[in-house]
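final.cif (mmCIF, C-alpha atoms)
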data_upload
loop_
_atom_site.label_atom_id
_atom_site.label_comp_id
_atom_site.auth_asym_id
_atom_site.auth_seq_id
_atom_site.Cartn_x
_atom_site.Cartn_y
_atom_site.Cartn_z
CA MET A 1 0.60 10.53 37.19
CA GLN A 2 0.72 11.46 33.50
CA ILE A 3 1.63 8.97 30.78
CA ASP A 4 5.14 9.52 29.38
CA PRO A 5 4.83 10.49 25.67
CA ALA A 6 7.83 8.30 24.83
CA SER A 7 6.25 5.21 26.42
CA PHE A 8 4.46 2.29 24.80
CA ALA A 9 1.37 3.11 26.88
CA PHE A 10 1.15 6.56 25.27
CA THR A 11 1.39 5.02 21.81
CA LEU A 12 -1.41 2.61 22.70
CA LEU A 13 -3.56 5.48 23.94
CA LEU A 14 -3.07 7.39 20.69
CA GLY A 15 -3.78 4.23 18.70
CA PHE A 16 -7.00 3.51 20.58
CA LEU A 17 -8.13 7.11 20.15
CA ALA A 18 -7.37 7.07 16.42
CA ALA A 19 -9.21 3.74 16.07
CA VAL A 20 -12.50 5.06 17.49
CA PRO A 21 -13.88 6.29 14.12
CA TYR A 22 -12.85 3.13 12.25
CA SER A 23 -14.16 0.73 14.87
CA GLY A 24 -17.37 2.77 14.92
CA ILE A 25 -17.88 1.70 11.31
CA ASP A 26 -16.60 -1.87 11.24
CA ILE A 27 -18.09 -3.15 14.49
CA ASN A 28 -21.62 -2.39 13.27
CA LEU A 29 -21.35 -4.09 9.86
CA PRO A 30 -22.50 -7.57 11.00
CA ALA A 31 -25.64 -6.15 12.65
CA LEU A 32 -27.31 -4.23 9.80
CA ALA A 33 -29.91 -6.91 9.02
CA ALA A 34 -30.69 -7.61 12.68
CA THR A 35 -31.05 -3.90 13.41
CA GLY A 36 -33.45 -3.53 10.50
CA ALA A 37 -35.54 -6.46 11.70
CA THR A 38 -35.98 -4.83 15.11
CA LEU A 39 -36.71 -1.36 13.78
CA ASP A 40 -38.94 -2.54 10.89
CA ALA A 41 -36.52 -1.31 8.24
CA SER A 42 -34.49 -2.94 5.47
CA ALA A 43 -30.79 -3.63 5.85
CA SER A 44 -30.12 -1.10 3.07
CA ASP A 45 -32.05 1.56 4.99
CA VAL A 46 -30.08 0.77 8.13
CA GLY A 47 -26.98 1.17 5.97
CA LEU A 48 -27.78 4.88 5.97
CA THR A 49 -26.56 4.92 9.57
CA MET A 50 -23.07 4.39 8.16
CA SER A 51 -23.53 7.37 5.86
CA ALA A 52 -24.75 9.52 8.76
CA PHE A 53 -21.74 8.52 10.85
CA MET A 54 -19.24 9.17 8.07
CA LEU A 55 -20.82 12.51 7.12
CA SER A 56 -20.30 13.95 10.59
CA LEU A 57 -16.93 12.23 10.83
CA ALA A 58 -15.75 14.07 7.72
CA THR A 59 -17.06 17.53 8.64
CA ALA A 60 -16.77 17.89 12.43
CA PRO A 61 -12.93 17.86 12.48
CA LEU A 62 -12.97 21.10 10.48
CA ILE A 63 -14.43 22.75 13.59
CA TYR A 64 -12.40 20.83 16.14
CA GLY A 65 -9.02 21.48 14.50
CA PRO A 66 -8.72 25.28 14.86
CA ILE A 67 -10.39 25.19 18.29
CA SER A 68 -7.85 22.64 19.54
CA ASP A 69 -5.03 24.88 18.28
CA ARG A 70 -6.28 27.66 20.58
CA LEU A 71 -7.84 25.84 23.53
CA GLY A 72 -5.79 22.64 23.54
CA ARG A 73 -6.19 19.00 22.52
CA LYS A 74 -7.37 17.71 25.90
CA PRO A 75 -10.66 19.66 26.15
CA ILE A 76 -11.55 18.71 22.57
CA LEU A 77 -10.84 15.04 23.23
CA ALA A 78 -12.85 15.11 26.46
CA PHE A 79 -15.81 16.86 24.84
CA GLY A 80 -15.81 14.48 21.88
CA LEU A 81 -15.60 11.36 24.02
CA VAL A 82 -18.45 12.54 26.26
CA LEU A 83 -20.55 13.12 23.14
CA PHE A 84 -19.53 9.73 21.72
CA VAL A 85 -20.53 7.91 24.92
CA ALA A 86 -23.89 9.71 25.16
CA ALA A 87 -24.70 9.13 21.50
CA SER A 88 -23.69 5.46 21.70
CA LEU A 89 -26.10 4.96 24.60
CA ALA A 90 -28.82 6.77 22.64
CA CYS A 91 -28.21 4.42 19.70
CA ALA A 92 -28.46 1.42 22.03
CA LYS A 93 -31.87 2.67 23.19
CA ALA A 94 -33.16 3.73 19.75
CA SER A 95 -36.73 2.64 19.03
CA SER A 96 -36.92 3.77 15.41
CA LEU A 97 -34.64 4.26 12.42
CA PRO A 98 -34.81 8.09 12.49
CA VAL A 99 -33.69 8.09 16.12
CA LEU A 100 -30.84 5.72 15.28
CA LEU A 101 -29.80 7.90 12.33
CA LEU A 102 -29.68 10.96 14.57
CA GLY A 103 -27.73 9.04 17.20
CA ARG A 104 -25.20 7.86 14.64
CA PHE A 105 -24.75 11.38 13.29
CA VAL A 106 -24.03 12.72 16.78
CA GLN A 107 -21.83 9.70 17.51
CA GLY A 108 -19.75 10.64 14.46
CA ILE A 109 -19.39 14.21 15.74
CA GLY A 110 -18.01 12.82 18.98
CA ALA A 111 -15.69 10.32 17.29
CA ALA A 112 -14.35 13.08 15.03
CA ALA A 113 -12.61 14.70 18.02
CA THR A 114 -10.05 11.89 17.92
CA ALA A 115 -8.77 13.34 14.63
CA THR A 116 -6.57 15.50 16.86
CA THR A 117 -4.42 12.38 17.47
CA PHE A 118 -2.03 13.31 14.67
CA ALA A 119 -1.87 16.91 15.90
CA ILE A 120 -0.82 15.53 19.31
CA ILE A 121 2.01 13.63 17.63
CA ARG A 122 3.13 16.80 15.85
CA ASP A 123 3.00 18.71 19.15
CA LEU A 124 5.46 16.31 20.74
CA PHE A 125 7.58 14.75 18.02
CA ASP A 126 9.51 15.76 14.94
CA GLY A 127 11.18 14.07 11.98
CA ASN A 128 11.70 10.31 12.23
CA ALA A 129 10.29 10.26 15.77
CA ALA A 130 6.94 11.60 14.48
CA ARG A 131 7.03 9.22 11.53
CA GLY A 132 7.66 6.25 13.82
CA LYS A 133 4.90 7.27 16.21
CA ILE A 134 2.40 7.64 13.35
CA ALA A 135 3.43 4.21 12.04
CA ASN A 136 2.83 2.61 15.45
CA VAL A 137 -0.55 4.32 15.75
CA MET A 138 -1.48 2.93 12.33
CA VAL A 139 -0.62 -0.57 13.50
CA THR A 140 -3.01 -0.20 16.43
CA VAL A 141 -5.75 1.20 14.19
CA ASN A 142 -5.47 -1.75 11.82
CA VAL A 143 -5.55 -4.23 14.69
CA ALA A 144 -8.85 -2.63 15.72
CA THR A 145 -10.07 -2.81 12.12
CA VAL A 146 -9.36 -6.53 12.01
CA ILE A 147 -10.95 -7.24 15.39
CA ALA A 148 -14.01 -4.97 15.17
CA PRO A 149 -16.20 -6.99 12.72
CA THR A 150 -15.56 -10.22 14.64
CA ALA A 151 -16.30 -8.48 17.94
CA GLY A 152 -19.50 -7.04 16.47
CA ALA A 153 -20.61 -10.47 15.26
CA ALA A 154 -19.90 -12.00 18.68
CA LEU A 155 -21.82 -9.29 20.52
CA LEU A 156 -24.70 -9.67 18.08
CA ALA A 157 -24.88 -13.41 18.72
CA ILE A 158 -24.62 -13.10 22.48
CA ALA A 159 -26.73 -10.06 23.35
CA GLY A 160 -28.19 -8.53 20.19
CA TRP A 161 -27.33 -5.45 18.14
CA ARG A 162 -27.97 -2.98 20.96
CA SER A 163 -25.05 -4.45 22.90
CA ILE A 164 -22.71 -3.30 20.11
CA TYR A 165 -23.55 0.34 20.82
CA ALA A 166 -23.36 -0.29 24.56
CA ALA A 167 -19.86 -1.72 24.07
CA GLN A 168 -18.86 1.40 22.13
CA ALA A 169 -20.13 3.53 25.00
CA GLY A 170 -18.02 1.49 27.41
CA ILE A 171 -14.89 1.87 25.28
CA GLY A 172 -15.49 5.61 24.97
CA LEU A 173 -15.92 5.92 28.73
CA MET A 174 -12.65 4.13 29.46
CA LEU A 175 -10.80 6.38 27.02
CA LEU A 176 -12.43 9.43 28.58
CA VAL A 177 -11.18 8.44 32.05
CA VAL A 178 -7.63 7.98 30.75
CA VAL A 179 -7.70 11.30 28.89
CA MET A 180 -9.03 13.19 31.91
CA PHE A 181 -6.63 11.76 34.49
CA ARG A 182 -3.54 10.48 32.65
CA PHE A 183 -3.18 12.73 29.61
CA ALA A 184 -1.34 16.04 29.80
CA GLU A 185 -2.02 18.88 27.37
CA THR A 186 0.39 18.83 24.44
CA ALA A 187 -0.46 22.00 22.51
CA THR A 188 1.11 25.37 23.19
CA THR A 189 -2.10 27.35 23.41
CA ASP A 190 -3.01 31.00 23.49
CA ARG A 191 -6.29 31.09 25.37
CA ALA A 192 -6.43 34.86 25.02
CA GLY A 193 -6.18 34.60 21.23
CA ARG A 194 -9.07 35.11 18.83
CA LEU A 195 -11.39 32.21 18.19
CA GLY A 196 -13.83 33.54 15.63
CA LEU A 197 -14.84 32.69 12.10
CA SER A 198 -12.11 34.86 10.63
CA ALA A 199 -9.44 33.08 12.68
CA VAL A 200 -10.72 29.67 11.55
CA ILE A 201 -10.78 30.80 7.93
CA ASP A 202 -7.26 32.16 8.28
CA SER A 203 -6.02 28.82 9.65
CA TYR A 204 -7.45 26.92 6.72
CA ARG A 205 -6.18 29.53 4.28
CA GLN A 206 -2.68 28.85 5.58
CA VAL A 207 -3.14 25.11 5.20
CA LEU A 208 -4.68 25.20 1.73
CA THR A 209 -2.11 27.62 0.33
CA HIS A 210 1.00 26.15 1.90
CA PRO A 211 3.43 25.03 -0.85
CA VAL A 212 4.34 21.77 0.92
CA SER A 213 1.45 20.81 3.19
CA LEU A 214 -1.24 21.08 0.52
CA PRO A 215 0.52 18.83 -2.03
CA PHE A 216 1.03 16.18 0.65
CA ILE A 217 -2.61 16.46 1.67
CA LEU A 218 -3.56 15.74 -1.94
CA VAL A 219 -1.13 12.81 -2.11
CA GLY A 220 -2.72 11.39 1.05
CA ALA A 221 -6.22 11.94 -0.31
CA ALA A 222 -5.43 10.10 -3.54
CA GLY A 223 -3.82 7.25 -1.62
CA GLY A 224 -6.78 7.07 0.74
CA ALA A 225 -9.17 7.01 -2.21
CA THR A 226 -7.35 3.90 -3.47
CA VAL A 227 -8.00 2.12 -0.17
CA PHE A 228 -11.66 3.19 -0.02
CA ALA A 229 -12.14 1.89 -3.56
CA TYR A 230 -10.73 -1.47 -2.45
CA VAL A 231 -12.88 -1.59 0.69
CA THR A 232 -16.05 -1.00 -1.33
CA GLY A 233 -15.17 -3.01 -4.41
CA ALA A 234 -13.61 -6.08 -2.83
CA SER A 235 -16.82 -7.04 -1.07
CA LEU A 236 -18.87 -6.48 -4.23
CA PHE A 237 -16.47 -8.54 -6.33
CA PHE A 238 -15.55 -11.40 -4.02
CA VAL A 239 -19.02 -11.96 -2.54
CA GLY A 240 -21.36 -10.50 -5.16
CA ALA A 241 -19.57 -11.48 -8.37
CA ILE A 242 -17.59 -14.68 -7.75
CA GLY A 243 -19.64 -16.00 -4.84
CA LEU A 244 -17.18 -16.33 -1.97
CA ARG A 245 -18.75 -16.86 1.43
CA PRO A 246 -18.69 -13.84 3.79
CA GLU A 247 -16.25 -15.58 6.13
CA GLN A 248 -13.88 -16.17 3.19
CA TYR A 249 -14.07 -12.50 2.32
CA GLY A 250 -13.42 -11.72 5.98
CA LEU A 251 -10.12 -13.59 5.78
CA ILE A 252 -9.13 -11.57 2.70
CA PHE A 253 -10.06 -8.32 4.46
CA SER A 254 -8.00 -9.34 7.50
CA ALA A 255 -5.02 -10.26 5.31
CA CYS A 256 -5.07 -6.83 3.65
CA SER A 257 -5.36 -5.08 7.01
CA GLY A 258 -2.44 -7.18 8.18
CA ALA A 259 -0.44 -6.01 5.16
CA VAL A 260 -1.07 -2.37 6.12
CA MET A 261 0.17 -3.17 9.64
CA VAL A 262 3.30 -4.85 8.31
CA GLY A 263 4.02 -1.88 6.05
CA ALA A 264 3.57 0.65 8.83
CA PHE A 265 5.65 -1.43 11.25
CA LEU A 266 8.49 -1.86 8.75
CA ASP A 267 8.44 1.84 7.93
CA GLY A 268 8.81 2.70 11.61
CA GLN A 269 11.67 0.24 12.04
CA LEU A 270 13.48 1.42 8.90
CA GLY A 271 13.02 5.04 9.95
CA ARG A 272 14.85 4.29 13.19
CA ARG A 273 17.66 2.79 11.13
CA GLY A 274 18.02 5.99 9.14
CA VAL A 275 16.14 5.09 5.94
CA GLU A 276 14.88 8.35 4.47
CA SER A 277 11.18 9.17 4.45
CA ALA A 278 11.33 10.07 0.74
CA ARG A 279 12.64 6.62 -0.15
CA MET A 280 9.91 4.83 1.79
CA LEU A 281 7.22 7.10 0.39
CA THR A 282 8.40 6.54 -3.19
CA THR A 283 8.56 2.79 -2.58
CA GLY A 284 5.09 2.64 -1.04
CA LEU A 285 3.35 4.74 -3.67
CA THR A 286 5.11 2.90 -6.52
CA LEU A 287 4.16 -0.49 -5.07
CA SER A 288 0.50 0.49 -4.71
CA ALA A 289 0.37 1.98 -8.21
CA ALA A 290 2.09 -1.00 -9.83
CA ALA A 291 -0.15 -3.54 -8.09
CA SER A 292 -3.32 -1.55 -8.88
CA THR A 293 -2.34 -1.18 -12.52
CA ALA A 294 -1.65 -4.92 -12.73
CA LEU A 295 -5.11 -5.59 -11.30
CA LEU A 296 -6.69 -3.34 -13.93
CA ALA A 297 -4.78 -5.07 -16.73
CA MET A 298 -5.90 -8.48 -15.44
CA THR A 299 -9.50 -7.29 -15.27
CA LEU A 300 -9.41 -6.03 -18.85
CA ALA A 301 -7.87 -9.32 -19.96
CA GLY A 302 -10.60 -11.29 -18.17
CA TRP A 303 -8.05 -13.25 -16.14
CA MET A 304 -8.63 -12.92 -12.39
CA PRO A 305 -7.31 -15.90 -10.41
CA THR A 306 -8.44 -15.32 -6.83
CA SER A 307 -5.10 -16.04 -5.20
CA LEU A 308 -3.25 -13.57 -7.45
CA VAL A 309 -5.92 -10.91 -6.99
CA VAL A 310 -5.62 -11.25 -3.21
CA ALA A 311 -1.82 -11.08 -3.41
CA LEU A 312 -1.97 -7.87 -5.45
CA LEU A 313 -4.52 -6.32 -3.09
CA MET A 314 -2.17 -7.12 -0.22
CA ALA A 315 0.63 -5.43 -2.16
CA VAL A 316 -1.53 -2.31 -2.49
CA ALA A 317 -2.18 -2.41 1.25
CA LEU A 318 1.51 -2.95 2.02
CA GLY A 319 2.39 0.11 -0.07
CA PHE A 320 -0.24 2.12 1.78
CA GLY A 321 1.33 1.07 5.07
CA PHE A 322 4.75 2.19 3.83
CA SER A 323 3.53 5.56 2.62
CA VAL A 324 0.87 6.95 4.94
CA PRO A 325 3.06 7.62 8.03
CA ASN A 326 5.44 9.57 5.82
CA VAL A 327 2.62 11.48 4.12
CA MET A 328 1.09 12.49 7.45
CA SER A 329 4.44 13.49 8.92
CA ALA A 330 5.33 15.63 5.89
CA THR A 331 1.85 17.18 5.80
CA MET A 332 2.10 18.47 9.37
CA GLN A 333 5.81 19.16 9.59
CA ARG A 334 5.82 22.80 8.53
CA LEU A 335 2.77 24.20 10.32
CA PRO A 336 3.21 23.12 13.95
CA GLU A 337 1.38 26.16 15.34
CA ILE A 338 -1.87 25.09 13.60
CA ALA A 339 -1.34 21.34 13.65
CA GLY A 340 -4.99 20.80 14.60
CA ALA A 341 -6.22 22.63 11.50
CA VAL A 342 -3.74 20.77 9.30
CA SER A 343 -4.83 17.39 10.69
CA ALA A 344 -8.50 18.30 10.30
CA ALA A 345 -8.10 19.50 6.72
CA ALA A 346 -6.10 16.42 5.74
CA GLY A 347 -8.60 14.04 7.32
CA SER A 348 -11.64 15.76 5.85
CA ILE A 349 -10.20 15.91 2.35
CA GLN A 350 -9.13 12.27 2.53
CA LEU A 351 -12.58 11.13 3.71
CA THR A 352 -14.24 13.19 0.97
CA ALA A 353 -11.96 11.68 -1.67
CA GLY A 354 -12.67 8.24 -0.22
CA ALA A 355 -16.42 8.79 -0.33
CA ILE A 356 -16.17 9.83 -3.99
CA SER A 357 -14.07 6.81 -4.95
CA SER A 358 -16.37 4.46 -3.01
CA GLY A 359 -19.40 5.95 -4.73
CA LEU A 360 -17.83 5.54 -8.17
CA VAL A 361 -16.98 1.90 -7.49
CA ALA A 362 -20.48 1.12 -6.23
CA LEU A 363 -22.31 3.03 -8.97
CA ARG A 364 -20.26 1.52 -11.82
CA PHE A 365 -20.19 -2.06 -10.49
CA ASP A 366 -21.51 -4.30 -13.27
CA GLY A 367 -22.30 -7.31 -11.09
CA ARG A 368 -19.80 -9.53 -12.91
CA THR A 369 -16.29 -8.08 -12.85
CA ALA A 370 -13.96 -6.01 -10.66
CA LEU A 371 -13.59 -3.33 -13.35
CA SER A 372 -15.06 -0.46 -11.33
CA MET A 373 -12.79 -1.27 -8.37
CA THR A 374 -9.58 -1.84 -10.31
CA ALA A 375 -10.11 1.17 -12.60
CA VAL A 376 -10.60 3.55 -9.67
CA MET A 377 -7.73 1.99 -7.73
CA ALA A 378 -5.36 2.32 -10.70
CA ALA A 379 -6.39 5.92 -11.40
CA THR A 380 -6.11 7.12 -7.80
CA SER A 381 -2.88 5.27 -6.99
CA LEU A 382 -1.21 6.60 -10.13
CA LEU A 383 -2.49 10.08 -9.26
CA ALA A 384 -0.93 9.79 -5.78
CA LEU A 385 2.43 8.76 -7.26
CA VAL A 386 2.41 11.53 -9.87
CA LEU A 387 1.40 14.18 -7.33
CA TYR A 388 4.25 13.13 -5.08
CA LEU A 389 6.97 12.90 -7.71
CA LEU A 390 6.01 16.01 -9.69
CA VAL A 391 4.50 18.32 -7.06
CA ALA A 392 5.04 17.38 -3.41
CA ARG A 393 8.63 16.17 -3.53
CA PRO A 394 9.96 19.14 -5.58
CA ALA A 395 8.14 21.52 -3.21
CA GLU A 396 9.65 19.75 -0.21
CA ARG A 397 13.13 20.13 -1.66
CA ARG A 398 12.59 23.83 -2.34
CA LEU A 399 11.37 24.44 1.21
CA PRO A 400 13.38 22.19 3.56
CA SER A 401 11.98 21.66 7.02
CA GLN A 402 13.57 23.50 9.93
CA THR A 403 13.61 21.10 12.82
CA ILE A 404 15.30 20.93 16.20
CA ASP A 405 16.16 17.25 16.29
CA PRO A 406 14.52 14.73 13.99
CA GLY A 407 14.88 11.87 16.40
CA VAL A 408 13.45 13.03 19.71
CA ALA A 409 10.40 14.65 21.22
CA VAL A 410 10.28 18.39 20.68
CA ARG A 411 9.03 19.23 24.15
CA SER A 412 7.27 17.82 27.14
CA PRO A 413 3.49 18.05 27.42
CA THR A 414 2.03 20.85 29.51
CA LYS A 415 1.00 19.78 32.97
CA SER A 416 -2.70 20.15 33.59
#

For the structure just supplied, provide its representation as structure tokens.
Amino acid sequence: MQIDPASFAFTLLLGFLAAVPYSGIDINLPALAATGATLDASASDVGLTMSAFMLSLATAPLIYGPISDRLGRKPILAFGLVLFVAASLACAKASSLPVLLLGRFVQGIGAAATATTFAIIRDLFDGNAARGKIANVMVTVNVATVIAPTAGAALLAIAGWRSIYAAQAGIGLMLLVVVMFRFAETATTDRAGRLGLSAVIDSYRQVLTHPVSLPFILVGAAGGATVFAYVTGASLFFVGAIGLRPEQYGLIFSACSGAVMVGAFLDGQLGRRGVESARMLTTGLTLSAAASTALLAMTLAGWMPTSLVVALLMAVALGFGFSVPNVMSATMQRLPEIAGAVSAAAGSIQLTAGAISSGLVALRFDGRTALSMTAVMAATSLLALVLYLLVARPAERRLPSQTIDPGVAVRSPTKS
């Protein structure tokens, strides 16, 4: 019996699928030193496994997206989860760092298939219904982000670092079973259609030249870059510069993740009450920009009380929670026939922007202040706000969306 797309169980499934890439990063963080000790490598060298995972995570969706538009979401999800399970087991058995690096790269390719989650939402939902579903998925993702480092530390203490990869294999296997037996195809596919390089290029040409989707992709990329700058810089500042203990930093990280969840949850609730997406998006982007700019001003003034810094970081996260469901919904709204390509392009561009902002923060960190973090956060959050107000929103008004009913599912999934 298939899971009803309108049910809470379906939302949980989408949330767990979307969380696979993020948990694949966070759950391994506590084990870098222990992994290096076993494989005769430094913790910094083992850190390259994160880079390998994120590299494939950023590029593989560009292949999956157009294929899922033609063959369907279910076969892509199944293939990716099989690859993720196999690669996780290979990582658990790795006897050297090069083998682990290869395993992590392949694991990222598998995890990248879950980028079709947002395309699935666009297949089934429109308007406020899509916005609400994305918001609920974000809540689940952030719950996983909060839990994953603690779970990784517990597994490390109980059974060693290899058990972390074994646990990922187990999670992937459970999701694979649900996808195979409880998930019905959601895309309207044309299996007789072309699936060559020219067709893929044409899909991305449509995405990257669309007058509404592209501006919203750029807004999302700038907003994502703000969050990546925080993720990289907060650890460097709180632990490396002012000397907080790792567990204290963990509480700050959890509080900011909780703020994202609260923002996403409130956006979903307000959407159901008829609050316009544009209002929530403006509010979220303005809040993030204002809080980031305040952080930069405090840094330049040399006045950084920890409690106020944490409060402002939580405000940035809250604004991100308000804005991202609306950005994703607007990005995908106008190209439903190639929703997979749209989702892939948006995710890849956001990860690339995040990698750049993270690199800038790390490279320019002076060991004493939060200047590299706050400068990048202020620049990218202001860029997101300006892009929305001056480019994306005017384009959206010029090209209004043609929808069937903004409050309900567009159609039922295809039986398979």

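The smallest atom-to-atom distance between Leu101 (chain A) and any of A:Val139, A:Leu281, A:Ala113, A:Met54, using only C-alpha atoms, is found for A:Met54.
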
Point (-14.6, 3.5, 14.9), cut-off 12 Å, counting all atoms listed in the file, residues as a PyMOL selection string: chain A and resi 15-29+50+53-54+57+84+88+104+107-115+141-149+152+164-165+167-169+171-172

Spatial neighbours of Ser96 (chain A), 9 Å, all atoms listed in the file, chain gap at least 6 places, as number ranges by chain: A: 38-41

Residues matched by the PyMOL selection byres ((chain A and resi 358) around 10), written as an MDAnalysis selection string: chainID A and resid 225:233 352:357 359:363 372:373 376

Could you take the residues named above and write them with C-alpha atoms, as a compact mmCIF listing (two decimals), in the frame of the given file?
# COMPACT_ATOMS: atom_id res chain seq x y z
CA ALA A 225 -9.17 7.01 -2.21
CA THR A 226 -7.35 3.90 -3.47
CA VAL A 227 -8.00 2.12 -0.17
CA PHE A 228 -11.66 3.19 -0.02
CA ALA A 229 -12.14 1.89 -3.56
CA TYR A 230 -10.73 -1.47 -2.45
CA VAL A 231 -12.88 -1.59 0.69
CA THR A 232 -16.05 -1.00 -1.33
CA GLY A 233 -15.17 -3.01 -4.41
CA THR A 352 -14.24 13.19 0.97
CA ALA A 353 -11.96 11.68 -1.67
CA GLY A 354 -12.67 8.24 -0.22
CA ALA A 355 -16.42 8.79 -0.33
CA ILE A 356 -16.17 9.83 -3.99
CA SER A 357 -14.07 6.81 -4.95
CA GLY A 359 -19.40 5.95 -4.73
CA LEU A 360 -17.83 5.54 -8.17
CA VAL A 361 -16.98 1.90 -7.49
CA ALA A 362 -20.48 1.12 -6.23
CA LEU A 363 -22.31 3.03 -8.97
CA SER A 372 -15.06 -0.46 -11.33
CA MET A 373 -12.79 -1.27 -8.37
CA VAL A 376 -10.60 3.55 -9.67

Among listed residues A:Thr59, A:Thr49, A:Ser213, A:Asn136, nearest Ser7 (chain A) (using all atoms listed in the file): A:Asn136

Selected residue of minimal separation from Met280 (chain A) among A:Asn128, A:Thr35, A:Ser42, A:Ser235, counting all atoms listed in the file: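 Closest to Met280 (chain A) of all the choices is A:Asn128.
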
Nearby residues (only C-alpha atoms) at most 9 Å from Ser343 (chain A), same-chain spacing under 6 positions excluded, as a PyMOL selection string: chain A and resi 61-62+65+115-119+328+331-332

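The list of residues with at least one atom within 7 Å of region 294-303 of chain A, based on all atoms listed in the file and without residues fewer than 3 positions apart in the same chain, reads Ala290, Ala291, Val309, Ala370, Leu371, Thr374, Ala375 and Ala378 of chain A.
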